[in-house]
>>> print(open('start12.tsv').read())   # TSV, C-alpha atoms and all ligand atoms
chain	number	residue	atom	x	y	z
Y	1	MET	CA	-16.62	4.00	21.21
Y	2	GLY	CA	-18.04	1.12	19.10
Y	3	VAL	CA	-16.19	-2.01	18.05
Y	4	GLY	CA	-13.23	-0.82	15.94
Y	5	ALA	CA	-11.75	-4.16	14.91
Y	6	LEU	CA	-13.15	-7.63	14.15
Y	7	TYR	CA	-11.19	-10.87	14.48
Y	8	VAL	CA	-12.60	-14.13	13.13
Y	9	HIS	CA	-10.86	-17.33	14.17
Y	10	VAL	CA	-10.70	-20.22	11.67
Y	11	PRO	CA	-9.65	-23.32	13.64
Y	12	PHE	CA	-8.57	-25.73	10.86
Y	13	CYS	CA	-5.15	-26.76	9.56
Y	14	ALA	CA	-3.87	-29.39	7.14
Y	15	ARG	CA	-1.52	-30.75	9.82
Y	16	LYS	CA	-0.30	-29.57	13.21
Y	17	CYS	CA	3.17	-28.02	13.20
Y	18	ARG	CA	5.52	-29.38	15.84
Y	19	TYR	CA	5.70	-26.16	17.86
Y	20	CYS	CA	2.06	-25.08	17.63
Y	21	ASP	CA	-0.22	-24.66	20.62
Y	22	PHE	CA	-2.82	-22.51	18.83
Y	23	ALA	CA	-6.42	-23.65	18.97
Y	24	SER	CA	-6.65	-25.51	15.69
Y	25	LYS	CA	-7.45	-29.01	14.53
Y	26	ALA	CA	-5.83	-30.92	11.70
Y	27	THR	CA	-8.44	-32.14	9.27
Y	28	ARG	CA	-9.22	-32.93	5.62
Y	29	THR	CA	-10.25	-30.33	3.05
Y	30	ASP	CA	-13.58	-32.13	2.57
Y	31	ASP	CA	-14.38	-32.34	6.30
Y	32	PRO	CA	-18.09	-31.42	6.62
Y	33	CYS	CA	-17.38	-29.64	9.92
Y	34	MET	CA	-15.97	-26.74	7.86
Y	35	ASP	CA	-19.42	-26.13	6.36
Y	36	GLY	CA	-20.90	-26.25	9.85
Y	37	TYR	CA	-18.30	-23.73	10.99
Y	38	LEU	CA	-19.18	-21.40	8.13
Y	39	LYS	CA	-22.91	-21.59	8.92
Y	40	GLU	CA	-22.23	-20.71	12.58
Y	41	ARG	CA	-20.08	-17.68	11.70
Y	42	ILE	CA	-22.65	-16.40	9.21
Y	43	ALA	CA	-25.39	-16.74	11.85
Y	44	GLU	CA	-23.17	-14.84	14.33
Y	45	LEU	CA	-22.46	-12.10	11.80
Y	46	ASP	CA	-26.21	-11.78	11.15
Y	47	ARG	CA	-26.80	-11.35	14.88
Y	48	CYS	CA	-23.99	-8.74	15.08
Y	49	GLN	CA	-25.64	-6.87	12.22
Y	50	ARG	CA	-29.05	-6.90	13.92
Y	51	LEU	CA	-27.40	-5.64	17.12
Y	52	GLY	CA	-25.68	-2.86	15.15
Y	53	MET	CA	-22.31	-3.89	16.61
Y	54	LEU	CA	-19.99	-3.63	13.62
Y	55	GLY	CA	-21.13	-0.56	11.71
Y	56	SER	CA	-18.11	1.46	12.81
Y	57	CYS	CA	-15.59	-1.39	12.52
Y	58	LYS	CA	-12.50	-0.29	10.56
Y	59	THR	CA	-10.38	-3.43	10.32
Y	60	ALA	CA	-11.09	-7.15	10.00
Y	61	TYR	CA	-8.67	-10.04	10.44
Y	62	LEU	CA	-9.20	-13.70	9.61
Y	63	GLY	CA	-6.75	-15.71	11.68
Y	64	GLY	CA	-6.16	-19.31	12.56
Y	65	GLY	CA	-5.50	-22.04	12.27
Y	66	THR	CA	-5.23	-21.63	8.55
Y	67	PRO	CA	-8.05	-19.55	7.03
Y	68	THR	CA	-6.91	-20.38	3.48
Y	69	PHE	CA	-7.45	-24.09	4.28
Y	70	LEU	CA	-11.21	-23.36	4.09
Y	71	GLY	CA	-10.77	-23.25	0.29
Y	72	ALA	CA	-11.84	-20.62	-2.24
Y	73	THR	CA	-15.63	-21.05	-2.05
Y	74	ARG	CA	-16.07	-21.09	1.72
Y	75	LEU	CA	-13.50	-18.35	2.22
Y	76	GLY	CA	-15.07	-16.14	-0.42
Y	77	THR	CA	-18.47	-16.56	1.26
Y	78	LEU	CA	-17.09	-15.73	4.71
Y	79	VAL	CA	-15.18	-12.66	3.50
Y	80	SER	CA	-18.22	-11.34	1.58
Y	81	ARG	CA	-20.43	-11.80	4.63
Y	82	ILE	CA	-17.96	-9.93	6.83
Y	83	ARG	CA	-17.75	-7.14	4.25
Y	84	MET	CA	-21.57	-6.81	4.29
Y	85	THR	CA	-21.64	-6.67	8.10
Y	86	CYS	CA	-18.75	-4.19	8.33
Y	87	PRO	CA	-19.40	-1.63	5.56
Y	88	ASN	CA	-16.68	0.77	6.76
Y	89	LEU	CA	-13.58	-1.42	6.66
Y	90	THR	CA	-10.34	0.23	5.59
Y	91	GLU	CA	-8.22	-2.93	5.94
Y	92	PHE	CA	-9.15	-6.62	5.69
Y	93	SER	CA	-6.36	-9.12	6.45
Y	94	CYS	CA	-6.35	-12.87	6.04
Y	95	GLU	CA	-3.72	-15.27	7.36
Y	96	ALA	CA	-2.53	-17.73	4.74
Y	97	ASN	CA	-0.20	-20.68	4.46
Y	98	PRO	CA	1.77	-21.21	1.24
Y	99	ASP	CA	0.35	-24.71	0.64
Y	100	SER	CA	-3.28	-23.54	0.62
Y	101	LEU	CA	-2.86	-20.06	-0.89
Y	102	THR	CA	-3.74	-21.34	-4.36
Y	103	ASP	CA	-4.51	-19.13	-7.37
Y	104	GLU	CA	-8.24	-19.85	-6.82
Y	105	VAL	CA	-8.00	-18.78	-3.17
Y	106	ILE	CA	-6.15	-15.57	-4.10
Y	107	GLU	CA	-8.83	-14.80	-6.67
Y	108	ALA	CA	-11.61	-15.45	-4.14
Y	109	LEU	CA	-9.92	-13.26	-1.52
Y	110	CYS	CA	-9.42	-10.35	-3.93
Y	111	GLY	CA	-12.92	-10.72	-5.37
Y	112	ALA	CA	-14.57	-10.68	-1.94
Y	113	GLY	CA	-12.62	-7.72	-0.62
Y	114	VAL	CA	-9.54	-8.87	1.30
Y	115	THR	CA	-6.80	-6.22	1.04
Y	116	ARG	CA	-3.91	-7.89	2.83
Y	117	VAL	CA	-2.56	-11.41	3.38
Y	118	SER	CA	-0.23	-12.45	6.16
Y	119	ILE	CA	1.65	-15.50	4.91
Y	120	GLY	CA	3.18	-18.05	7.29
Y	121	VAL	CA	6.49	-18.50	5.51
Y	122	GLN	CA	8.59	-19.01	8.71
Y	123	SER	CA	11.79	-19.89	6.81
Y	124	LEU	CA	13.07	-20.19	3.25
Y	125	ASP	CA	15.18	-23.26	4.04
Y	126	ASP	CA	13.59	-26.66	3.34
Y	127	GLU	CA	15.46	-28.46	6.09
Y	128	GLU	CA	14.30	-25.91	8.68
Y	129	LEU	CA	10.72	-26.09	7.42
Y	130	ARG	CA	10.74	-29.89	7.76
Y	131	ALA	CA	12.16	-29.65	11.28
Y	132	LEU	CA	9.26	-27.34	12.24
Y	133	GLY	CA	6.74	-29.79	10.76
Y	134	ARG	CA	5.58	-27.25	8.17
Y	135	ILE	CA	4.06	-28.86	5.09
Y	136	HIS	CA	5.13	-26.31	2.51
Y	137	THR	CA	8.50	-25.97	0.78
Y	138	ALA	CA	10.63	-22.85	0.51
Y	139	ASN	CA	9.93	-22.67	-3.20
Y	140	GLN	CA	6.19	-22.87	-2.67
Y	141	ALA	CA	6.50	-19.99	-0.22
Y	142	ARG	CA	8.45	-17.87	-2.72
Y	143	THR	CA	5.99	-18.44	-5.57
Y	144	ARG	CA	2.89	-17.89	-3.41
Y	145	VAL	CA	4.25	-14.60	-2.03
Y	146	GLN	CA	4.92	-13.49	-5.61
Y	147	ALA	CA	1.43	-14.55	-6.74
Y	148	ALA	CA	-0.24	-12.61	-3.91
Y	149	ILE	CA	1.78	-9.48	-4.71
Y	150	ALA	CA	1.00	-9.85	-8.42
Y	151	ALA	CA	-2.72	-10.01	-7.56
Y	152	GLY	CA	-2.44	-6.60	-5.89
Y	153	LEU	CA	-2.66	-7.71	-2.27
Y	154	ASP	CA	-0.62	-6.11	0.50
Y	155	VAL	CA	1.63	-8.92	1.64
Y	156	SER	CA	3.09	-9.58	5.06
Y	157	VAL	CA	5.45	-12.47	5.74
Y	158	ASP	CA	5.83	-14.21	9.11
Y	159	LEU	CA	9.33	-15.44	9.91
Y	160	MET	CA	10.57	-17.52	12.82
Y	161	CYS	CA	14.04	-17.47	14.36
Y	162	ALA	CA	15.87	-19.65	16.90
Y	163	ILE	CA	14.50	-22.80	15.27
Y	164	PRO	CA	16.16	-26.21	14.75
Y	165	LYS	CA	18.73	-26.44	11.93
Y	166	GLN	CA	18.87	-22.63	11.59
Y	167	THR	CA	22.30	-20.99	11.43
Y	168	ASP	CA	23.26	-17.31	11.43
Y	169	GLU	CA	23.95	-17.68	7.73
Y	170	SER	CA	20.65	-19.41	6.84
Y	171	TRP	CA	18.73	-16.78	8.86
Y	172	ARG	CA	20.44	-13.95	6.98
Y	173	GLN	CA	19.73	-15.73	3.71
Y	174	THR	CA	16.01	-16.08	4.52
Y	175	ILE	CA	15.75	-12.38	5.38
Y	176	HIS	CA	17.65	-11.28	2.27
Y	177	GLU	CA	15.35	-13.37	0.10
Y	178	VAL	CA	12.22	-11.98	1.76
Y	179	ILE	CA	13.49	-8.45	1.19
Y	180	ALA	CA	14.16	-9.30	-2.45
Y	181	LEU	CA	10.53	-10.45	-2.80
Y	182	SER	CA	9.49	-6.81	-2.11
Y	183	VAL	CA	6.92	-7.52	0.58
Y	184	GLY	CA	5.57	-4.50	2.45
Y	185	HIS	CA	5.48	-6.03	5.93
Y	186	VAL	CA	7.47	-8.63	7.87
Y	187	SER	CA	6.81	-10.07	11.34
Y	188	VAL	CA	9.65	-11.83	13.14
Y	189	TYR	CA	9.26	-14.07	16.18
Y	190	PRO	CA	11.61	-16.33	18.12
Y	191	LEU	CA	10.15	-19.83	18.42
Y	192	ALA	CA	8.59	-20.46	21.83
Y	193	ILE	CA	8.66	-24.05	23.06
Y	194	GLU	CA	5.16	-24.58	24.46
Y	195	GLU	CA	3.95	-27.25	26.83
Y	196	GLY	CA	1.91	-30.01	25.24
Y	197	THR	CA	3.38	-29.56	21.73
Y	198	PRO	CA	5.72	-32.19	20.21
Y	199	PHE	CA	8.65	-29.80	20.89
Y	200	GLY	CA	7.44	-29.26	24.46
Y	201	LYS	CA	7.25	-33.02	25.04
Y	202	ARG	CA	10.67	-33.59	23.57
Y	203	TYR	CA	12.53	-30.84	25.40
Y	204	GLY	CA	10.56	-30.41	28.63
Y	205	ASP	CA	12.23	-27.72	30.71
Y	206	GLU	CA	15.53	-28.01	28.88
Y	207	THR	CA	16.48	-25.28	26.38
Y	208	PRO	CA	17.96	-26.71	23.18
Y	209	PRO	CA	21.01	-24.73	21.99
Y	210	TRP	CA	19.17	-23.51	18.86
Y	211	ASN	CA	16.55	-21.81	21.06
Y	212	ASP	CA	18.93	-20.28	23.61
Y	213	GLU	CA	18.05	-16.74	24.80
Y	214	ASP	CA	21.26	-15.30	23.34
Y	215	VAL	CA	20.56	-16.93	19.99
Y	216	GLN	CA	17.05	-15.45	20.03
Y	217	ALA	CA	18.39	-11.96	20.84
Y	218	GLN	CA	21.12	-12.15	18.16
Y	219	ARG	CA	18.71	-13.31	15.47
Y	220	MET	CA	16.16	-10.61	16.36
Y	221	GLU	CA	18.95	-8.00	16.22
Y	222	CYS	CA	20.17	-9.34	12.89
Y	223	ALA	CA	16.60	-9.12	11.53
Y	224	GLU	CA	16.33	-5.53	12.72
Y	225	ARG	CA	19.61	-4.57	11.06
Y	226	LEU	CA	18.78	-6.15	7.71
Y	227	LEU	CA	15.12	-5.16	7.53
Y	228	THR	CA	15.56	-1.55	8.61
Y	229	GLY	CA	18.56	-1.31	6.26
Y	230	ALA	CA	16.22	-2.32	3.43
Y	231	GLY	CA	13.60	0.33	4.27
Y	232	LEU	CA	11.25	-1.73	6.43
Y	233	HIS	CA	10.84	0.29	9.62
Y	234	ARG	CA	10.32	-1.41	12.94
Y	235	TYR	CA	7.06	-0.05	14.35
Y	236	GLU	CA	6.45	-2.73	16.98
Y	237	VAL	CA	8.58	-5.26	18.89
Y	238	ALA	CA	8.12	-7.91	16.18
Y	239	SER	CA	6.77	-5.94	13.19
Y	240	TYR	CA	8.49	-4.16	10.31
Y	241	ALA	CA	6.79	-2.27	7.49
Y	242	ARG	CA	7.43	-0.08	4.51
Y	243	GLU	CA	5.87	3.39	4.64
Y	244	GLY	CA	2.07	3.10	4.88
Y	245	LYS	CA	2.11	-0.70	5.15
Y	246	GLN	CA	1.75	-1.11	8.92
Y	247	CYS	CA	-1.03	-3.45	10.00
Y	248	ALA	CA	-3.87	-1.22	11.20
Y	249	HIS	CA	-5.62	-4.18	12.82
Y	250	ASN	CA	-2.67	-5.03	15.04
Y	251	ILE	CA	-2.16	-1.36	15.89
Y	252	ALA	CA	-5.78	-1.35	17.11
Y	253	TYR	CA	-4.86	-4.11	19.62
Y	254	TRP	CA	-1.97	-2.03	20.96
Y	255	THR	CA	-3.82	1.25	21.21
Y	256	GLY	CA	-6.90	0.28	23.22
Y	257	ILE	CA	-9.42	0.13	20.34
Y	258	PRO	CA	-12.31	-2.21	21.29
Y	259	TYR	CA	-12.29	-5.43	19.28
Y	260	LEU	CA	-14.69	-8.32	18.91
Y	261	GLY	CA	-13.53	-11.89	18.32
Y	262	LEU	CA	-15.79	-14.45	16.67
Y	263	GLY	CA	-15.09	-18.17	16.29
Y	264	PRO	CA	-14.04	-20.94	18.66
Y	265	GLY	CA	-10.65	-19.56	19.79
Y	266	ALA	CA	-11.13	-15.79	19.68
Y	267	ALA	CA	-10.52	-13.08	22.26
Y	268	SER	CA	-12.50	-9.85	22.64
Y	269	MET	CA	-11.85	-6.57	24.42
Y	270	LEU	CA	-14.88	-4.31	24.70
Y	271	ASP	CA	-16.05	-1.16	26.43
Y	272	ALA	CA	-19.25	-1.07	28.45
Y	273	SER	CA	-21.78	-0.42	25.69
Y	274	CYS	CA	-20.27	-2.98	23.27
Y	275	TYR	CA	-20.11	-5.54	26.07
Y	276	ASP	CA	-23.82	-5.12	26.74
Y	277	SER	CA	-24.49	-5.88	23.06
Y	278	ALA	CA	-22.08	-8.84	23.17
Y	279	ARG	CA	-24.13	-10.32	26.02
Y	280	ARG	CA	-26.97	-10.69	23.55
Y	281	LEU	CA	-24.59	-12.52	21.22
Y	282	TYR	CA	-23.14	-14.88	23.84
Y	283	ASP	CA	-25.58	-15.90	26.57
Y	284	TRP	CA	-22.73	-17.15	28.80
Y	285	LEU	CA	-21.34	-13.65	29.39
Y	286	PRO	CA	-22.14	-12.42	32.92
Y	287	PRO	CA	-23.43	-8.89	33.66
Y	288	ARG	CA	-20.62	-6.38	34.08
Y	289	PRO	CA	-19.92	-4.89	37.48
Y	290	HIS	CA	-20.85	-1.22	37.64
Y	291	GLU	CA	-17.22	-0.03	38.07
Y	292	ALA	CA	-15.80	-2.08	35.16
Y	293	SER	CA	-14.66	0.02	32.21
Y	294	ARG	CA	-13.10	-2.67	30.01
Y	295	MET	CA	-14.13	-6.27	29.47
Y	296	ARG	CA	-11.98	-9.07	28.06
Y	297	PHE	CA	-13.21	-12.56	27.26
Y	298	SER	CA	-12.21	-15.61	25.32
Y	299	THR	CA	-14.62	-17.85	23.45
Y	300	LEU	CA	-12.22	-20.78	23.94
Y	301	ASP	CA	-12.44	-21.11	27.72
Y	302	ARG	CA	-15.24	-18.58	28.33
Y	303	GLU	CA	-13.08	-16.71	30.79
Y	304	VAL	CA	-14.17	-13.14	31.41
Y	305	GLU	CA	-12.01	-10.43	32.95
Y	306	PHE	CA	-13.31	-7.07	34.13
Y	307	LEU	CA	-10.85	-4.18	34.23
Y	308	SER	CA	-11.33	-0.97	36.19
Y	309	ALA	CA	-10.54	2.38	34.54
Y	310	ARG	CA	-7.17	2.33	36.34
Y	311	GLU	CA	-6.34	-1.17	35.05
Y	312	ALA	CA	-7.37	-0.21	31.52
Y	313	TRP	CA	-5.08	2.84	31.72
Y	314	ALA	CA	-2.11	0.73	32.91
Y	315	GLU	CA	-2.81	-1.85	30.22
Y	316	ASP	CA	-2.86	0.85	27.51
Y	317	LEU	CA	0.52	2.17	28.70
Y	318	MET	CA	1.99	-1.32	28.65
Y	319	LEU	CA	0.65	-2.14	25.18
Y	320	GLY	CA	1.64	1.31	23.88
Y	321	MET	CA	5.27	0.54	24.74
Y	322	ARG	CA	5.23	-2.34	22.25
Y	323	LEU	CA	5.17	0.36	19.59
Y	324	THR	CA	8.22	2.38	18.57
Y	325	ARG	CA	6.12	5.52	18.91
Y	326	GLY	CA	5.51	4.73	22.61
Y	327	VAL	CA	2.98	6.88	24.50
Y	328	GLU	CA	2.44	10.60	25.17
Y	329	GLU	CA	4.52	11.55	28.20
Y	330	GLU	CA	1.61	13.42	29.80
Y	331	ARG	CA	-0.16	10.08	30.28
Y	332	LEU	CA	2.42	9.36	33.00
Y	333	ASP	CA	2.12	12.79	34.65
Y	334	ALA	CA	0.23	11.21	37.54
Y	335	VAL	CA	3.08	8.77	38.25
Y	336	PRO	CA	6.30	10.82	38.05
Y	337	ASP	CA	8.29	8.36	40.20
Y	338	THR	CA	7.70	5.49	37.79
Y	339	ARG	CA	8.37	7.71	34.76
Y	340	ASP	CA	11.67	8.93	36.24
Y	341	ASP	CA	12.66	5.42	37.27
Y	342	LEU	CA	12.06	4.04	33.75
Y	343	LEU	CA	14.07	6.94	32.27
Y	344	ALA	CA	16.91	6.42	34.78
Y	345	ARG	CA	17.05	2.68	34.04
Y	346	GLY	CA	17.28	3.45	30.33
Y	347	LEU	CA	14.14	1.45	29.51
Y	348	VAL	CA	12.44	4.47	27.91
Y	349	GLU	CA	13.59	7.79	26.50
Y	350	ARG	CA	12.01	11.10	25.53
Y	351	ASP	CA	11.14	11.83	21.92
Y	352	GLY	CA	9.44	15.24	21.77
Y	353	ASP	CA	6.31	14.96	23.89
Y	354	ARG	CA	6.40	11.16	23.87
Y	355	LEU	CA	8.11	8.46	25.89
Y	356	ILE	CA	9.38	5.72	23.64
Y	357	PRO	CA	10.94	2.33	24.44
Y	358	THR	CA	14.72	2.10	24.09
Y	359	HIS	CA	16.56	-0.87	22.63
Y	360	ASP	CA	17.14	-2.10	26.22
Y	361	GLY	CA	13.49	-1.47	27.02
Y	362	TRP	CA	12.50	-4.00	24.37
Y	363	LEU	CA	15.31	-6.42	25.19
Y	364	LEU	CA	14.17	-6.30	28.83
Y	365	GLY	CA	10.53	-6.04	27.78
Y	366	ASN	CA	9.26	-8.02	30.77
Y	367	GLU	CA	10.71	-5.41	33.16
Y	368	LEU	CA	9.30	-2.46	31.25
Y	369	PHE	CA	5.85	-3.97	30.74
Y	370	ALA	CA	5.65	-5.22	34.36
Y	371	ALA	CA	6.56	-1.77	35.74
Y	372	LEU	CA	3.77	-0.18	33.71
Y	373	TRP	CA	1.19	-2.85	34.50
Y	374	ASP	CA	2.04	-2.62	38.23
Y	375	LEU	CA	0.80	0.98	38.12
Y	376	HIS	CA	-2.76	-0.33	38.30
Y	377	GLN	CA	-2.14	-1.21	41.96
Y	378	GLN	CA	-0.97	2.28	42.93
Y	379	SER	CA	-3.60	4.74	44.01
U	401	LIG	S1	-0.30	-23.79	10.35
U	401	LIG	FE1	-0.24	-22.31	12.04
U	401	LIG	S2	-2.05	-22.73	13.31
U	401	LIG	FE2	-1.75	-24.49	11.91
U	401	LIG	S3	-0.59	-25.96	13.11
U	401	LIG	FE3	0.91	-24.73	11.94
U	401	LIG	S4	1.45	-23.02	13.30
U	401	LIG	FE4	-0.41	-23.97	14.12
>>> encode(input="start12.tsv", output="structure tokens", more="lines below")
Ligand code: SF4
Amino acid sequence: MGVGALYVHVPFCARKCRYCDFASKATRTDDPCMDGYLKERIAELDRCQRLGMLGSCKTAYLGGGTPTFLGATRLGTLVSRIRMTCPNLTEFSCEANPDSLTDEVIEALCGAGVTRVSIGVQSLDDEELRALGRIHTANQARTRVQAAIAAGLDVSVDLMCAIPKQTDESWRQTIHEVIALSVGHVSVYPLAIEEGTPFGKRYGDETPPWNDEDVQAQRMECAERLLTGAGLHRYEVASYAREGKQCAHNIAYWTGIPYLGLGPGAASMLDASCYDSARRLYDWLPPRPHEASRMRFSTLDREVEFLSAREAWAEDLMLGMRLTRGVEEERLDAVPDTRDDLLARGLVERDGDRLIPTHDGWLLGNELFAALWDLHQQS
């Protein structure tokens, strides 16, 4: 299997949000390091092309940071170069923030071949946006979503729940408004308070009432009710889509398709033959042990993980249970005790020839995923 999905990390933002621990740096739009970044990625893509690594790649994803902060010219160049290197793409997504998704950027994205934008809206309440440290307003978010749809792009909106200032009513209002905007895809996440962020420093180990576990669960359930009621089907723990609008790139992550990550904070997961090519791209990658069947590495900390065939199998089961469609039951034929235990605990249920996660299975996701991952230790 060749590389099926390409991720390119763009590590720049206009300002750091108060909850963010992603690898990104706040900078100015005219910072010359963005040109240096572009040169490096183009050189990497050239090397990938010479190595024949991306010919069968089906999906590409520009993530961040804030890819749209690169501006129309740089972004257009990067997207065109990716398109040339990956001639068989069926989906090309780009993350965007409302403040930098200008008309010029939308035009550049469409012109160069992006098919889908994932917009970091988070909330449609100005007070909540300010509390998160976001630099856009709710109105900017509304108009930029509309502009992207009008340009013919598939639009996904990211929303965040269990955030400061949010109430049940304001959360419902945000979701209703997003539905009214007619987007094809919505992702919903509870805010995680991460160490080292301004929120992490302020709250330490304490859980503020707005981020309480019950609040998170209620808001996620409310989102499910409203979004599915409006025809956006939940196909993954945090993802809802209208028919045909699921994100193929993210599905690749959850179904064991090998992916390559380029850029300073990217992760890769490759099979043996792709890994051998990647070693010619990154000279810091060590040789793979003979028995390894799956390789994971991160360009951020240069950590490499080798998985045996058994570990890769357990990982695929665990990731498959993030999806509503679950996994084929026969894949657990070799471990009937675990299968029966998960069924008895109500964490999964049968759906034809598949085992799918139940509502409780997702609510108690850590238990379900841990039980499947633990299978790698059983012989
Ligand atoms: S825009 Fe996104 S990546 Fe940038 S600081 Fe905010 S949350 Fe982090």
>>> residues_near_ligand(input="start12.tsv", ligand="ligand LIG 401 (chain U)", cutoff="8 Å", atoms="only C-alpha atoms and all ligand atoms", output="list of chain:residue names")
Y:Pro11, Y:Phe12, Y:Cys13, Y:Ala14, Y:Arg15, Y:Lys16, Y:Cys17, Y:Arg18, Y:Tyr19, Y:Cys20, Y:Asp21, Y:Phe22, Y:Ala23, Y:Ser24, Y:Lys25, Y:Ala26, Y:Gly64, Y:Gly65, Y:Thr66, Y:Asn97, Y:Gly120, Y:Gly133, Y:Arg134
>>> residues_around(input="start12.tsv", residues="Ala141 (chain Y)", least_positions_apart="3", cutoff="6 Å", atoms="only C-alpha atoms", output="PyMOL selection string")
chain Y and resi 98+121+138+144
>>> write_last_selection(input="start12.tsv", atoms="C-alpha atoms", output="mmCIF file, in the frame of the given file")
data_model
loop_
_atom_site.group_PDB
_atom_site.id
_atom_site.type_symbol
_atom_site.label_atom_id
_atom_site.label_comp_id
_atom_site.auth_asym_id
_atom_site.auth_seq_id
_atom_site.Cartn_x
_atom_site.Cartn_y
_atom_site.Cartn_z
ATOM 1 C CA PRO Y 98 1.770 -21.210 1.240
ATOM 2 C CA VAL Y 121 6.490 -18.500 5.510
ATOM 3 C CA ALA Y 138 10.630 -22.850 0.510
ATOM 4 C CA ARG Y 144 2.890 -17.890 -3.410
#
>>> residues_near_point(input="start12.tsv", point="(-15.6, -4.5, 8.1)", cutoff="9 Å", atoms="only C-alpha atoms", output="PyMOL selection string")
chain Y and resi 4-6+54-60+82-92
>>> write_last_selection(input="start12.tsv", atoms="C-alpha atoms", output="short mmCIF file (atom, residue, chain, number, x, y, z; two decimals), keeping the file's coordinate frame")
data_model
loop_
_atom_site.label_atom_id
_atom_site.label_comp_id
_atom_site.auth_asym_id
_atom_site.auth_seq_id
_atom_site.Cartn_x
_atom_site.Cartn_y
_atom_site.Cartn_z
CA GLY Y 4 -13.23 -0.82 15.94
CA ALA Y 5 -11.75 -4.16 14.91
CA LEU Y 6 -13.15 -7.63 14.15
CA LEU Y 54 -19.99 -3.63 13.62
CA GLY Y 55 -21.13 -0.56 11.71
CA SER Y 56 -18.11 1.46 12.81
CA CYS Y 57 -15.59 -1.39 12.52
CA LYS Y 58 -12.50 -0.29 10.56
CA THR Y 59 -10.38 -3.43 10.32
CA ALA Y 60 -11.09 -7.15 10.00
CA ILE Y 82 -17.96 -9.93 6.83
CA ARG Y 83 -17.75 -7.14 4.25
CA MET Y 84 -21.57 -6.81 4.29
CA THR Y 85 -21.64 -6.67 8.10
CA CYS Y 86 -18.75 -4.19 8.33
CA PRO Y 87 -19.40 -1.63 5.56
CA ASN Y 88 -16.68 0.77 6.76
CA LEU Y 89 -13.58 -1.42 6.66
CA THR Y 90 -10.34 0.23 5.59
CA GLU Y 91 -8.22 -2.93 5.94
CA PHE Y 92 -9.15 -6.62 5.69
#
>>> atom_distance(input="start12.tsv", atom1="CA of Leu62 (chain Y)", atom2="CA of Ser293 (chain Y)")
27.0 Å
>>> residues_around(input="start12.tsv", residues="Ile149 (chain Y)", least_positions_apart="3", cutoff="12 Å", atoms="only C-alpha atoms", output="ChimeraX atom specification")
/Y:103,106,110,115-119,142-146,152-157,181-185
>>> write_last_selection(input="start12.tsv", atoms="C-alpha atoms", output="PDB file, in the frame of the given file")
ATOM      1  CA  ASP Y 103      -4.510 -19.130  -7.370  1.00  0.00           C
ATOM      2  CA  ILE Y 106      -6.150 -15.570  -4.100  1.00  0.00           C
ATOM      3  CA  CYS Y 110      -9.420 -10.350  -3.930  1.00  0.00           C
ATOM      4  CA  THR Y 115      -6.800  -6.220   1.040  1.00  0.00           C
ATOM      5  CA  ARG Y 116      -3.910  -7.890   2.830  1.00  0.00           C
ATOM      6  CA  VAL Y 117      -2.560 -11.410   3.380  1.00  0.00           C
ATOM      7  CA  SER Y 118      -0.230 -12.450   6.160  1.00  0.00           C
ATOM      8  CA  ILE Y 119       1.650 -15.500   4.910  1.00  0.00           C
ATOM      9  CA  ARG Y 142       8.450 -17.870  -2.720  1.00  0.00           C
ATOM     10  CA  THR Y 143       5.990 -18.440  -5.570  1.00  0.00           C
ATOM     11  CA  ARG Y 144       2.890 -17.890  -3.410  1.00  0.00           C
ATOM     12  CA  VAL Y 145       4.250 -14.600  -2.030  1.00  0.00           C
ATOM     13  CA  GLN Y 146       4.920 -13.490  -5.610  1.00  0.00           C
ATOM     14  CA  GLY Y 152      -2.440  -6.600  -5.890  1.00  0.00           C
ATOM     15  CA  LEU Y 153      -2.660  -7.710  -2.270  1.00  0.00           C
ATOM     16  CA  ASP Y 154      -0.620  -6.110   0.500  1.00  0.00           C
ATOM     17  CA  VAL Y 155       1.630  -8.920   1.640  1.00  0.00           C
ATOM     18  CA  SER Y 156       3.090  -9.580   5.060  1.00  0.00           C
ATOM     19  CA  VAL Y 157       5.450 -12.470   5.740  1.00  0.00           C
ATOM     20  CA  LEU Y 181      10.530 -10.450  -2.800  1.00  0.00           C
ATOM     21  CA  SER Y 182       9.490  -6.810  -2.110  1.00  0.00           C
ATOM     22  CA  VAL Y 183       6.920  -7.520   0.580  1.00  0.00           C
ATOM     23  CA  GLY Y 184       5.570  -4.500   2.450  1.00  0.00           C
ATOM     24  CA  HIS Y 185       5.480  -6.030   5.930  1.00  0.00           C
TER      25      HIS Y 185
END
>>> residues_around(input="start12.tsv", residues="Thr228 (chain Y)", least_positions_apart="6", cutoff="9 Å", atoms="only C-alpha atoms", output="list of chain:residue names")
Y:Arg234, Y:Tyr240, Y:Ala241
>>> residues_near_point(input="start12.tsv", point="(3.9, 3.4, 29.0)", cutoff="6 Å", atoms="all atoms listed in the file", output="list in words")
Leu317, Met318, Gly320, Met321, Val327 and Leu372 of chain Y
>>> closest_residue(input="start12.tsv", among="Y:Pro198, Y:Gly229, Y:Gly326, Y:Pro208", to="Ile175 (chain Y)", atoms="only C-alpha atoms")
Y:Gly229
>>> closest_residue(input="start12.tsv", among="Y:Leu109, Y:Ala147, Y:Leu260, Y:Leu307", to="Thr73 (chain Y)", atoms="all atoms listed in the file")
Y:Leu109
>>> atom_distance(input="start12.tsv", atom1="CA of Thr77 (chain Y)", atom2="CA of Ala148 (chain Y)")
19.4 Å
>>> closest_residue(input="start12.tsv", among="Y:Ser80, Y:Asp125, Y:Glu329, Y:Gly71", to="Ser100 (chain Y)", atoms="all atoms listed in the file")
Y:Gly71
>>> closest_residue(input="start12.tsv", among="Y:Gly63, Y:Gly76, Y:Pro209, Y:Gly204", to="Asn250 (chain Y)", atoms="only C-alpha atoms")
Y:Gly63
